[in-house]
Structure formats: C-alpha cells, structure tokens
>>> print(open('my_file_33.cif').read())   # mmCIF, C-alpha atoms (C1' of nucleotides) and all ligand atoms
data_input
loop_
_atom_site.label_atom_id
_atom_site.label_comp_id
_atom_site.auth_asym_id
_atom_site.auth_seq_id
_atom_site.Cartn_x
_atom_site.Cartn_y
_atom_site.Cartn_z
CA MET A 5 37.32 9.43 -20.74
CA THR A 6 36.66 6.41 -18.57
CA GLN A 7 33.00 5.66 -18.94
CA THR A 8 30.84 3.16 -17.16
CA ALA A 9 30.04 0.06 -19.14
CA PRO A 10 26.67 0.46 -20.86
CA SER A 11 23.88 -1.03 -18.80
CA ILE A 12 22.26 -4.22 -20.00
CA LEU A 13 18.98 -2.35 -19.73
CA ALA A 14 20.29 0.55 -21.84
CA ARG A 15 19.81 -1.36 -25.06
CA ARG A 16 16.34 -2.47 -24.11
CA ILE A 17 15.21 0.97 -23.06
CA GLN A 18 16.04 2.32 -26.49
CA GLU A 19 14.43 -0.64 -28.22
CA ALA A 20 11.32 0.30 -26.26
CA GLY A 21 11.45 3.78 -27.81
CA LEU A 22 12.49 5.48 -24.60
CA ARG A 23 15.30 8.00 -24.45
CA LEU A 24 18.55 7.08 -22.84
CA THR A 25 19.18 10.20 -20.81
CA ALA A 26 21.95 10.91 -18.34
CA PRO A 27 19.80 10.36 -15.22
CA ARG A 28 18.48 7.16 -16.72
CA ARG A 29 21.98 5.89 -17.43
CA VAL A 30 22.70 6.24 -13.74
CA ILE A 31 19.43 4.65 -12.63
CA LEU A 32 19.97 1.74 -15.00
CA GLN A 33 23.46 1.26 -13.65
CA VAL A 34 22.01 1.16 -10.15
CA LEU A 35 19.42 -1.38 -11.24
CA ASP A 36 21.97 -3.54 -13.00
CA SER A 37 24.16 -3.76 -9.97
CA ALA A 38 21.29 -4.36 -7.54
CA ASP A 39 20.66 -7.90 -6.41
CA ASP A 40 17.99 -7.01 -3.88
CA HIS A 41 14.52 -5.44 -3.92
CA PRO A 42 15.10 -1.72 -3.40
CA ASP A 43 12.33 0.85 -3.15
CA VAL A 44 12.37 4.19 -4.92
CA GLU A 45 13.97 5.99 -2.03
CA GLU A 46 16.78 3.47 -1.90
CA LEU A 47 17.26 3.63 -5.68
CA HIS A 48 17.38 7.39 -5.43
CA ARG A 49 19.95 7.19 -2.65
CA ARG A 50 22.13 4.90 -4.75
CA ALA A 51 21.71 7.04 -7.85
CA GLN A 52 22.60 10.17 -5.89
CA ALA A 53 25.79 8.46 -4.71
CA ILE A 54 26.86 8.14 -8.33
CA GLU A 55 25.54 11.43 -9.60
CA PRO A 56 24.03 13.99 -7.24
CA GLY A 57 21.23 16.11 -8.60
CA ILE A 58 19.01 13.39 -9.89
CA SER A 59 15.48 14.11 -8.73
CA ILE A 60 13.39 11.52 -6.95
CA ALA A 61 10.55 12.41 -9.34
CA THR A 62 12.77 11.19 -12.15
CA VAL A 63 13.37 7.92 -10.36
CA TYR A 64 9.63 7.49 -9.92
CA ARG A 65 8.98 8.32 -13.56
CA THR A 66 11.76 6.10 -14.82
CA MET A 67 10.61 3.14 -12.75
CA ASN A 68 7.07 3.63 -14.04
CA ALA A 69 8.30 3.72 -17.61
CA LEU A 70 10.42 0.61 -17.12
CA THR A 71 7.54 -1.22 -15.46
CA GLU A 72 5.08 -0.26 -18.18
CA HIS A 73 7.47 -1.55 -20.80
CA GLY A 74 8.07 -4.75 -18.88
CA LEU A 75 11.77 -4.04 -18.40
CA ILE A 76 11.59 -4.28 -14.63
CA GLU A 77 9.41 -6.01 -12.11
CA ARG A 78 7.49 -4.27 -9.38
CA GLN A 79 6.55 -5.76 -6.04
CA ARG A 80 4.81 -4.53 -2.96
CA PHE A 81 5.47 -6.58 0.14
CA ASP A 82 3.85 -5.51 3.39
CA ASP A 83 5.15 -2.06 4.09
CA GLY A 84 3.46 0.37 1.75
CA ARG A 85 6.20 0.97 -0.76
CA MET A 86 6.85 -0.43 -4.20
CA ARG A 87 10.01 -2.44 -4.66
CA TYR A 88 11.82 -3.16 -7.88
CA GLU A 89 13.96 -5.92 -9.27
CA ALA A 90 15.32 -6.96 -12.64
CA VAL A 91 12.94 -9.08 -14.67
CA PRO A 92 14.09 -12.55 -13.65
CA GLU A 93 15.10 -15.26 -16.08
CA GLU A 94 12.36 -17.33 -14.58
CA HIS A 95 9.43 -16.29 -12.40
CA HIS A 96 9.88 -16.69 -8.67
CA ASP A 97 8.07 -15.93 -5.45
CA HIS A 98 9.34 -14.57 -2.14
CA PHE A 99 10.00 -15.41 1.44
CA ILE A 100 10.17 -12.31 3.60
CA ASP A 101 11.86 -12.70 6.95
CA VAL A 102 9.62 -10.78 9.34
CA GLU A 103 12.47 -10.27 11.77
CA THR A 104 15.18 -9.01 9.45
CA GLY A 105 13.24 -7.93 6.37
CA GLU A 106 15.50 -10.17 4.30
CA VAL A 107 13.92 -11.38 1.06
CA VAL A 108 14.66 -14.86 -0.25
CA GLU A 109 13.48 -16.02 -3.63
CA PHE A 110 12.11 -19.43 -4.44
CA ARG A 111 10.25 -21.18 -7.17
CA SER A 112 7.94 -24.15 -7.05
CA ASP A 113 6.79 -25.59 -10.36
CA GLU A 114 4.23 -27.56 -8.43
CA ILE A 115 2.67 -24.49 -6.88
CA GLU A 116 2.71 -22.73 -10.22
CA ARG A 117 0.99 -25.67 -11.87
CA LEU A 118 -1.61 -25.98 -9.12
CA GLN A 119 -2.50 -22.33 -9.54
CA GLN A 120 -3.15 -22.95 -13.22
CA ASP A 121 -5.32 -25.95 -12.42
CA ILE A 122 -7.38 -24.14 -9.82
CA ALA A 123 -7.80 -21.05 -11.98
CA ARG A 124 -8.93 -23.19 -14.89
CA ALA A 125 -11.42 -25.01 -12.68
CA HIS A 126 -12.91 -21.63 -11.81
CA GLY A 127 -13.08 -20.54 -15.44
CA PHE A 128 -10.31 -17.99 -15.03
CA GLU A 129 -7.12 -17.42 -16.87
CA ILE A 130 -4.21 -16.12 -14.84
CA VAL A 131 -2.87 -12.69 -15.66
CA SER A 132 -0.31 -12.64 -12.89
CA HIS A 133 0.03 -13.62 -9.30
CA ARG A 134 1.98 -12.98 -6.17
CA LEU A 135 2.91 -15.36 -3.43
CA ASP A 136 4.59 -13.74 -0.45
CA ILE A 137 5.46 -15.99 2.45
CA PHE A 138 6.32 -14.20 5.68
CA VAL A 139 8.67 -16.33 7.71
CA ARG A 140 11.08 -16.45 10.56
CA ARG A 141 14.27 -18.46 10.80
CA LYS A 142 13.73 -21.77 12.54
CA ARG A 143 16.07 -22.48 15.44
CA MET B 25 -37.01 0.24 21.57
CA THR B 26 -36.18 -2.03 18.68
CA GLN B 27 -32.47 -2.53 18.79
CA THR B 28 -30.22 -4.20 16.31
CA ALA B 29 -29.16 -7.71 17.24
CA PRO B 30 -25.81 -7.58 19.03
CA SER B 31 -22.96 -8.14 16.62
CA ILE B 32 -21.14 -11.44 16.78
CA LEU B 33 -17.97 -9.38 17.08
CA ALA B 34 -19.39 -7.36 19.99
CA ARG B 35 -18.72 -10.14 22.44
CA ARG B 36 -15.22 -10.68 21.18
CA ILE B 37 -14.31 -7.00 21.23
CA GLN B 38 -15.12 -6.85 24.93
CA GLU B 39 -13.31 -10.08 25.64
CA ALA B 40 -10.32 -8.37 24.06
CA GLY B 41 -10.63 -5.55 26.60
CA LEU B 42 -11.81 -3.01 24.06
CA ARG B 43 -14.75 -0.74 24.70
CA LEU B 44 -18.00 -1.34 22.93
CA THR B 45 -18.87 2.21 21.96
CA ALA B 46 -21.75 3.46 19.84
CA PRO B 47 -19.64 4.02 16.70
CA ARG B 48 -18.08 0.60 17.14
CA ARG B 49 -21.49 -1.06 17.45
CA VAL B 50 -22.33 0.36 14.04
CA ILE B 51 -19.02 -0.61 12.48
CA LEU B 52 -19.31 -4.13 13.84
CA GLN B 53 -22.79 -4.40 12.44
CA VAL B 54 -21.44 -3.35 9.06
CA LEU B 55 -18.66 -5.91 9.30
CA ASP B 56 -21.03 -8.68 10.32
CA SER B 57 -23.28 -8.11 7.37
CA ALA B 58 -20.43 -7.73 4.86
CA ASP B 59 -19.60 -10.70 2.69
CA ASP B 60 -17.04 -8.91 0.54
CA HIS B 61 -13.68 -7.18 1.04
CA PRO B 62 -14.52 -3.52 1.70
CA ASP B 63 -11.92 -0.83 2.23
CA VAL B 64 -12.14 1.80 4.95
CA GLU B 65 -13.93 4.29 2.76
CA GLU B 66 -16.58 1.73 1.89
CA LEU B 67 -16.96 0.71 5.53
CA HIS B 68 -17.32 4.35 6.45
CA ARG B 69 -19.95 4.82 3.75
CA ARG B 70 -21.92 1.85 5.06
CA ALA B 71 -21.56 2.97 8.67
CA GLN B 72 -22.69 6.48 7.77
CA ALA B 73 -25.79 5.01 6.15
CA ILE B 74 -26.76 3.51 9.51
CA GLU B 75 -25.60 6.35 11.72
CA PRO B 76 -24.34 9.60 10.24
CA GLY B 77 -21.60 11.40 12.13
CA ILE B 78 -19.18 8.54 12.51
CA SER B 79 -15.76 9.83 11.61
CA ILE B 80 -13.55 8.06 9.13
CA ALA B 81 -10.71 8.37 11.64
CA THR B 82 -12.76 6.20 13.98
CA VAL B 83 -13.23 3.61 11.28
CA TYR B 84 -9.47 3.57 10.71
CA ARG B 85 -8.78 3.30 14.40
CA THR B 86 -11.38 0.61 14.96
CA MET B 87 -10.11 -1.48 12.08
CA ASN B 88 -6.58 -1.19 13.43
CA ALA B 89 -7.71 -2.27 16.86
CA LEU B 90 -9.66 -5.21 15.45
CA THR B 91 -6.73 -6.26 13.30
CA GLU B 92 -4.25 -6.02 16.15
CA HIS B 93 -6.49 -8.22 18.27
CA GLY B 94 -6.95 -10.72 15.46
CA LEU B 95 -10.68 -10.12 15.24
CA ILE B 96 -10.59 -9.19 11.58
CA GLU B 97 -8.35 -9.90 8.62
CA ARG B 98 -6.61 -7.27 6.58
CA GLN B 99 -5.65 -7.57 2.96
CA ARG B 100 -4.02 -5.31 0.42
CA PHE B 101 -4.61 -6.35 -3.14
CA ASP B 102 -3.07 -4.19 -5.84
CA ASP B 103 -4.65 -0.81 -5.49
CA GLY B 104 -3.15 0.98 -2.52
CA ARG B 105 -5.89 0.51 0.03
CA MET B 106 -6.36 -1.95 2.84
CA ARG B 107 -9.36 -4.22 2.65
CA TYR B 108 -11.04 -6.06 5.49
CA GLU B 109 -12.96 -9.25 5.96
CA ALA B 110 -14.19 -11.38 8.84
CA VAL B 111 -11.64 -13.86 10.09
CA PRO B 112 -12.60 -16.89 8.03
CA GLU B 113 -13.42 -20.30 9.45
CA GLU B 114 -10.60 -21.62 7.38
CA HIS B 115 -7.76 -19.77 5.66
CA HIS B 116 -8.23 -19.00 1.98
CA ASP B 117 -6.49 -17.13 -0.82
CA HIS B 118 -7.90 -14.88 -3.51
CA PHE B 119 -8.53 -14.56 -7.18
CA ILE B 120 -8.91 -10.94 -8.23
CA ASP B 121 -10.62 -10.33 -11.55
CA VAL B 122 -8.52 -7.62 -13.16
CA GLU B 123 -11.42 -6.52 -15.33
CA THR B 124 -14.18 -6.24 -12.75
CA GLY B 125 -12.28 -6.11 -9.47
CA GLU B 126 -14.37 -9.02 -8.25
CA VAL B 127 -12.69 -11.11 -5.55
CA VAL B 128 -13.19 -14.87 -5.44
CA GLU B 129 -11.91 -16.97 -2.60
CA PHE B 130 -10.32 -20.36 -2.91
CA ARG B 131 -8.34 -22.79 -0.88
CA SER B 132 -5.86 -25.41 -1.94
CA ASP B 133 -4.61 -27.77 0.73
CA GLU B 134 -1.96 -28.87 -1.72
CA ILE B 135 -0.59 -25.36 -2.18
CA GLU B 136 -0.70 -24.79 1.56
CA ARG B 137 1.20 -28.00 2.17
CA LEU B 138 3.80 -27.25 -0.50
CA GLN B 139 4.48 -23.87 1.09
CA GLN B 140 5.20 -25.61 4.37
CA ASP B 141 7.53 -28.06 2.67
CA ILE B 142 9.46 -25.38 0.82
CA ALA B 143 9.72 -23.14 3.87
CA ARG B 144 10.99 -26.03 5.94
CA ALA B 145 13.58 -26.89 3.29
CA HIS B 146 14.85 -23.31 3.56
CA GLY B 147 15.00 -23.46 7.35
CA PHE B 148 12.06 -21.10 7.76
CA GLU B 149 8.85 -21.35 9.67
CA ILE B 150 5.86 -19.64 8.13
CA VAL B 151 4.33 -16.72 10.00
CA SER B 152 1.73 -15.94 7.37
CA HIS B 153 1.42 -15.72 3.65
CA ARG B 154 -0.61 -14.23 0.89
CA LEU B 155 -1.40 -15.66 -2.49
CA ASP B 156 -3.21 -13.27 -4.80
CA ILE B 157 -3.98 -14.52 -8.28
CA PHE B 158 -4.97 -11.84 -10.75
CA VAL B 159 -7.22 -13.32 -13.38
CA ARG B 160 -9.66 -12.67 -16.14
CA ARG B 161 -12.70 -14.68 -17.05
CA LYS B 162 -11.98 -17.20 -19.77
CA ARG B 163 -14.34 -17.09 -22.75
"C1'" DT C 10 23.15 21.58 -37.37
"C1'" DC C 11 18.20 21.88 -36.79
"C1'" DT C 12 13.96 20.41 -35.00
"C1'" DT C 13 10.82 18.01 -32.36
"C1'" DT C 14 9.21 16.32 -28.33
"C1'" DA C 15 10.39 13.26 -24.45
"C1'" DA C 16 12.50 13.87 -20.18
"C1'" DT C 17 14.05 16.68 -16.22
"C1'" DG C 18 13.92 19.27 -11.71
"C1'" DC C 19 11.14 21.65 -8.91
"C1'" DG C 20 7.50 22.37 -6.01
"C1'" DA C 21 2.69 21.87 -5.52
"C1'" DC C 22 -0.73 18.40 -5.21
"C1'" DT C 23 -3.30 13.97 -4.10
"C1'" DA C 24 -4.73 9.80 -1.70
"C1'" DA C 25 -4.46 6.84 2.15
"C1'" DT C 26 -3.57 6.81 6.67
"C1'" DT C 27 -2.02 8.58 11.21
"C1'" DC C 28 -1.85 11.72 15.01
"C1'" DG C 29 -2.61 15.60 18.63
"C1'" DC C 30 -5.91 17.43 21.22
"C1'" DA C 31 -9.91 18.76 23.72
"C1'" DG C 32 -14.23 16.89 24.82
"C1'" DT C 33 -17.15 12.58 25.60
"C1'" DT C 34 -18.50 8.24 27.47
"C1'" DG C 35 -18.20 3.16 28.60
"C1'" DA C 36 -17.86 0.41 32.29
"C1'" DA C 37 -15.62 -0.69 36.64
"C1'" DA C 38 -15.74 0.83 41.29
"C1'" DC C 39 -18.18 2.92 44.65
"C1'" DG D 11 -27.52 5.27 40.76
"C1'" DT D 12 -23.34 8.12 40.91
"C1'" DT D 13 -18.57 8.77 40.43
"C1'" DT D 14 -14.36 8.19 38.14
"C1'" DC D 15 -11.03 8.04 34.59
"C1'" DA D 16 -8.76 6.00 30.82
"C1'" DA D 17 -10.30 4.67 26.37
"C1'" DC D 18 -12.52 6.53 22.67
"C1'" DT D 19 -14.36 10.18 19.59
"C1'" DG D 20 -14.50 13.90 16.02
"C1'" DC D 21 -11.91 17.30 14.06
"C1'" DG D 22 -8.39 19.05 11.49
"C1'" DA D 23 -3.52 19.04 10.82
"C1'" DA D 24 0.39 16.09 9.71
"C1'" DT D 25 2.61 12.33 7.33
"C1'" DT D 26 3.86 9.22 3.58
"C1'" DA D 27 4.23 7.53 -1.00
"C1'" DG D 28 3.48 8.83 -5.24
"C1'" DT D 29 1.81 11.99 -9.12
"C1'" DC D 30 1.55 16.14 -11.89
"C1'" DG D 31 2.03 20.94 -14.15
"C1'" DC D 32 5.25 23.76 -15.92
"C1'" DA D 33 9.17 25.99 -17.70
"C1'" DT D 34 13.60 24.37 -19.29
"C1'" DT D 35 16.87 21.04 -21.21
"C1'" DA D 36 18.59 17.76 -24.25
"C1'" DA D 37 18.15 13.13 -26.90
"C1'" DA D 38 18.13 11.60 -31.35
"C1'" DG D 39 16.25 11.53 -36.03
"C1'" DA D 40 16.26 14.42 -40.16
MN MN A 201 12.58 -11.28 -6.42
MN MN A 202 -11.29 -13.36 1.58
ZN ZN A 203 4.70 -17.85 -8.45
ZN ZN A 204 -2.99 -19.73 1.45
#
>>> encode(input="my_file_33.cif", output="structure tokens")
Amino acid sequence: MTQTAPSILARRIQEAGLRLTAPRRVILQVLDSADDHPDVEELHRRAQAIEPGISIATVYRTMNALTEHGLIERQRFDDGRMRYEAVPEEHHDHFIDVETGEVVEFRSDEIERLQQDIARAHGFEIVSHRLDIFVRRKR
Amino acid sequence: MTQTAPSILARRIQEAGLRLTAPRRVILQVLDSADDHPDVEELHRRAQAIEPGISIATVYRTMNALTEHGLIERQRFDDGRMRYEAVPEEHHDHFIDVETGEVVEFRSDEIERLQQDIARAHGFEIVSHRLDIFVRRKR
DNA sequence: TCTTTAATGCGACTAATTCGCAGTTGAAAC
DNA sequence: GTTTCAACTGCGAATTAGTCGCATTAAAGA
C-alpha cells in the first residue's frame, strides 16, 4: 500500500507521549506541508481534503495538544482567530500586509537584544513576546 | 445641581460628529479617570457604579465608535478580550506580567527606529505595530 | 490478543462581541 | 421653546471562535 511519508512531527508527538492516531497523521501532514499561518478552519479544510470525516473539534484539540507540548507555535494577529505554524528553527516576528493579509517573517537580533535590555532594566525576565508590524507595500 | 466636570473626551466626541448622550457622558468619565487597560466588562462595571442601567451593548458600541474615530486605543493582549486606554501622548508598548496580569508601559526609540529600518528594507511602510512582552518579575 | 485509557465525532455549551428592532433623545433647525 | 429626525439606547437574539460531556473507538504497552 502506498502510504504517505511519516510526518516530521509524528516522531515528536509520540516522544511527547501523545498517540499517533489516524486523524492526527493527517493533521500533521497538513502542518508539515504548510508554509503559511493557517487558522483552525483552514487546517480543517486541508485535512478534510485528504481525509473527509475529521472533526473540527479534533483539529482544535490536536492543535492545543501540540501547542502545550511546544511542537507548534500559536499566533493571533488582528482578526480574532488563532493561527499556527511549525516551530521555527529560529524565532522570528511578523509583518502583516493590511491590504492583502500576507504575512512576511523577519528577525532582528538588535530588536531582540534591546527587548532583553529594557526588560532587565525594569526588573523583568522575558517569558515570550510578540512583535506584529502591520504594513502596506510602498510604491 | 453639582455636575461632574465635562470629560476631556466630551469635546472631541462632538468634534467627531458623535452625539454626547447620557450613557456616553458616563463612559467618557470612566475612561478619563482610568489609568489602566480595562476591558469592556470592566468599563461596564465602572459605568454601572456611576449610573446603573447602562447596557453593555452601549459600552461595546461606544468603544467601537471611539476607536473608529481615533479617540481611544484598543489592545488585545493574550486573553481573548479587547482592552482600551486613552490615546497616549506618545506611543508606547507593553510588558504584561504573566503571573499578575499587570501591564507596564515602555517606549524604546531604538526599537521604533529599527522597525522603520527593517520595514523600509522590505519595501513596506508601517501602518501600525504592536510589541507585547510577556514577563515575570526577576527575583 | 487483551487491556487500559487517550482520542474521536457529535452536538451542546460558553464567552466575547455584534445586530435587529422598537422606543428615546440630542441637537440642529425652526 | 418647540419641532424634527437620525443617531443612539436597551433588550434579547444571533454570531463567532473555541471548549466540553459523553458514548464509542482504537492506539499501544503488556
Ligand atoms: Mn511565522
Ligand atoms: Mn498602554
Ligand atoms: Zn521577536
Ligand atoms: Zn512600539
């Protein structure tokens, strides 16, 4: 039987003590082949395309489990919904094009370092942060 | 009759072509005397304390009107709800203490400038941005 | 193969916010 | 001061994103 290549996340989900179920296999495959920042509804749509019958509740629960175990990253831009992306090699922040909705990633070591400095000066240690820059294309 | 001093926002709301109604007077008074980042439920609670009978729908609608006219600033930290604050003299970003929920404001001209630089390098112009730093007190 | 218990699908529920509607009222025009 | 009328209000119903209870299924370790 031709079977889909095992997801990169599949290993990690089992290492985390989670079960690798059929719906999860599909969701992980969707996540592996995503290079954007889909929300649950979009993930569900993509999962359905591979294997109809997967419940949206399962997508929600799976994404929660993955997030809690640090296997995926969760973002909320400006519309209400949560968006997901693979845990990146290296932390990055986001430009969001207000006209198109397009998301562009960037990283500034300088900004990261300045945040550390400012937090320290306030007697805080950083747990996490989010820098969303809403932009439009210059012309 | 002793009447509350007219809200600073009262003038501006009329300049914006909005009506200065009784519920709005109360809400504006609440906003003027707030120095934190209350959500709608908290604003409603405070408004009710001054004048019972004000509907939460009115608070929602008023905050939307104020936001649309740029008379107030709207934030969403990490819980789902929207939070509001007076439009600040000068833009600032936020530390959010993950243990207490406390919000501390800060401003870094350097970070602001770097954002401009990076956006420009990507061919973007910045519409707005948000930098939320989730922290805990160092000890 | 057996057993245990996490995971699933479903539909009901919740929380935050919006909306339709009938009645009220600010404020501009008389 | 009175009239006028669209903006605003309170109410409850609707919407949206996400969670949860429950009976059933099925991973995966023994
Ligand atoms: Mn990203
Ligand atoms: Mn602030
Ligand atoms: Zn960053
Ligand atoms: Zn800033």
>>> closest_residue(input="my_file_33.cif", among="B:Met87, B:Arg163, B:Arg154, B:Thr82", to="ligand ZN 203 (chain A)", atoms="all atoms listed in the file")
B:Arg154
>>> atom_distance(input="my_file_33.cif", atom1="C1' of DA38 (chain C)", atom2="CA of Arg49 (chain B)")
24.6 Å
>>> residues_around(input="my_file_33.cif", residues="Tyr64 (chain A)", least_positions_apart="3", cutoff="9 Å", atoms="only C-alpha atoms (C1' of nucleotides)", output="PyMOL selection string")
(chain A and resi 44+48+59-61+67-69) or (chain D and resi 28)
>>> residues_around(input="my_file_33.cif", residues="region 95-105 of chain B", least_positions_apart="3", cutoff="8 Å", atoms="all atoms listed in the file", output="MDAnalysis selection string")
(chainID A and resid 84) or (chainID B and resid 33 36:37 63 87 90:92 108:111 156) or (chainID C and resid 25)
>>> residues_around(input="my_file_33.cif", residues="DA36 (chain C)", least_positions_apart="4", cutoff="12 Å", atoms="all atoms listed in the file", output="VMD selection string")
(chain B and resid 38 41 to 45) or (chain D and resid 13 to 17)
>>> residues_near_ligand(input="my_file_33.cif", ligand="ligand MN 201 (chain A)", cutoff="7 Å", atoms="all atoms listed in the file", output="list in words")
His41, Glu89, His96, Asp97, His98 and Glu109 of chain A
>>> residues_near_ligand(input="my_file_33.cif", ligand="ligand ZN 204 (chain A)", cutoff="10 Å", atoms="only C-alpha atoms (C1' of nucleotides) and all ligand atoms", output="mmCIF file with C-alpha atoms, in the frame of the given file")
data_model
loop_
_atom_site.group_PDB
_atom_site.id
_atom_site.type_symbol
_atom_site.label_atom_id
_atom_site.label_comp_id
_atom_site.auth_asym_id
_atom_site.auth_seq_id
_atom_site.Cartn_x
_atom_site.Cartn_y
_atom_site.Cartn_z
ATOM 1 C CA LEU A 135 2.910 -15.360 -3.430
ATOM 2 C CA ASP A 136 4.590 -13.740 -0.450
ATOM 3 C CA ILE A 137 5.460 -15.990 2.450
ATOM 4 C CA GLU B 114 -10.600 -21.620 7.380
ATOM 5 C CA HIS B 115 -7.760 -19.770 5.660
ATOM 6 C CA HIS B 116 -8.230 -19.000 1.980
ATOM 7 C CA ASP B 117 -6.490 -17.130 -0.820
ATOM 8 C CA HIS B 118 -7.900 -14.880 -3.510
ATOM 9 C CA PHE B 130 -10.320 -20.360 -2.910
ATOM 10 C CA ARG B 131 -8.340 -22.790 -0.880
ATOM 11 C CA SER B 132 -5.860 -25.410 -1.940
ATOM 12 C CA ASP B 133 -4.610 -27.770 0.730
ATOM 13 C CA GLU B 134 -1.960 -28.870 -1.720
ATOM 14 C CA ILE B 135 -0.590 -25.360 -2.180
ATOM 15 C CA GLU B 136 -0.700 -24.790 1.560
ATOM 16 C CA ARG B 137 1.200 -28.000 2.170
ATOM 17 C CA GLN B 139 4.480 -23.870 1.090
ATOM 18 C CA SER B 152 1.730 -15.940 7.370
ATOM 19 C CA HIS B 153 1.420 -15.720 3.650
ATOM 20 C CA ARG B 154 -0.610 -14.230 0.890
ATOM 21 C CA LEU B 155 -1.400 -15.660 -2.490
ATOM 22 C CA ASP B 156 -3.210 -13.270 -4.800
#
>>> atom_distance(input="my_file_33.cif", atom1="CA of His73 (chain A)", atom2="CA of Gln33 (chain A)")
17.7 Å
>>> residues_near_point(input="my_file_33.cif", point="(24.8, 21.8, -41.2)", cutoff="12 Å", atoms="only C-alpha atoms (C1' of nucleotides)", output="list of chain:residue names")
C:DT10, C:DC11, D:DA40
>>> atom_distance(input="my_file_33.cif", atom1="C1' of DG20 (chain D)", atom2="CA of Val50 (chain B)")
15.8 Å
>>> closest_residue(input="my_file_33.cif", among="B:Arg161, B:Ile120, B:Arg48, B:Ala71", to="chain D", atoms="all atoms listed in the file")
B:Arg48
>>> closest_atom_pairs(input="my_file_33.cif", of="chain C", to="chain B", cutoff="10 Å", atoms="all atoms listed in the file", output="tab-separated table")
residue	atom	partner	partner_atom	distance
C:DA24	C1'	B:Gly104	CA	9.0
C:DA25	C1'	B:Arg105	CA	6.8
C:DT26	C1'	B:Tyr84	CA	7.9
C:DT27	C1'	B:Ala81	CA	8.7
C:DT34	C1'	B:Thr45	CA	8.2
C:DG35	C1'	B:Arg43	CA	6.5
C:DA36	C1'	B:Arg43	CA	8.3
>>> closest_residue(input="my_file_33.cif", among="B:Val159, B:Ala143, B:Ile78, B:Ile32", to="chain D", atoms="all atoms listed in the file")
B:Ile78
>>> residues_around(input="my_file_33.cif", residues="Glu103 (chain A)", least_positions_apart="4", cutoff="12 Å", atoms="all atoms listed in the file", output="list in words")
Phe99, Val107, Phe138, Val139, Arg140, Arg141 and Lys142 of chain A; Phe148, Glu149 and Val151 of chain B
>>> axis_aligned_box(input="my_file_33.cif", around="region 22-31 of chain D", padding_each_side="4 Å", output="AutoDock Vina command-line options")
--center_x -2.1 --center_y 14.2 --center_z -1.3 --size_x 20.6 --size_y 21.4 --size_z 33.6
>>> closest_residue(input="my_file_33.cif", among="C:DT17, C:DC39, C:DT23, C:DG32", to="DA33 (chain D)", atoms="only C-alpha atoms (C1' of nucleotides)")
C:DT17
>>> closest_residue(input="my_file_33.cif", among="A:Gln52, A:Val102, A:Leu35, A:Pro27", to="chain D", atoms="all atoms listed in the file")
A:Pro27
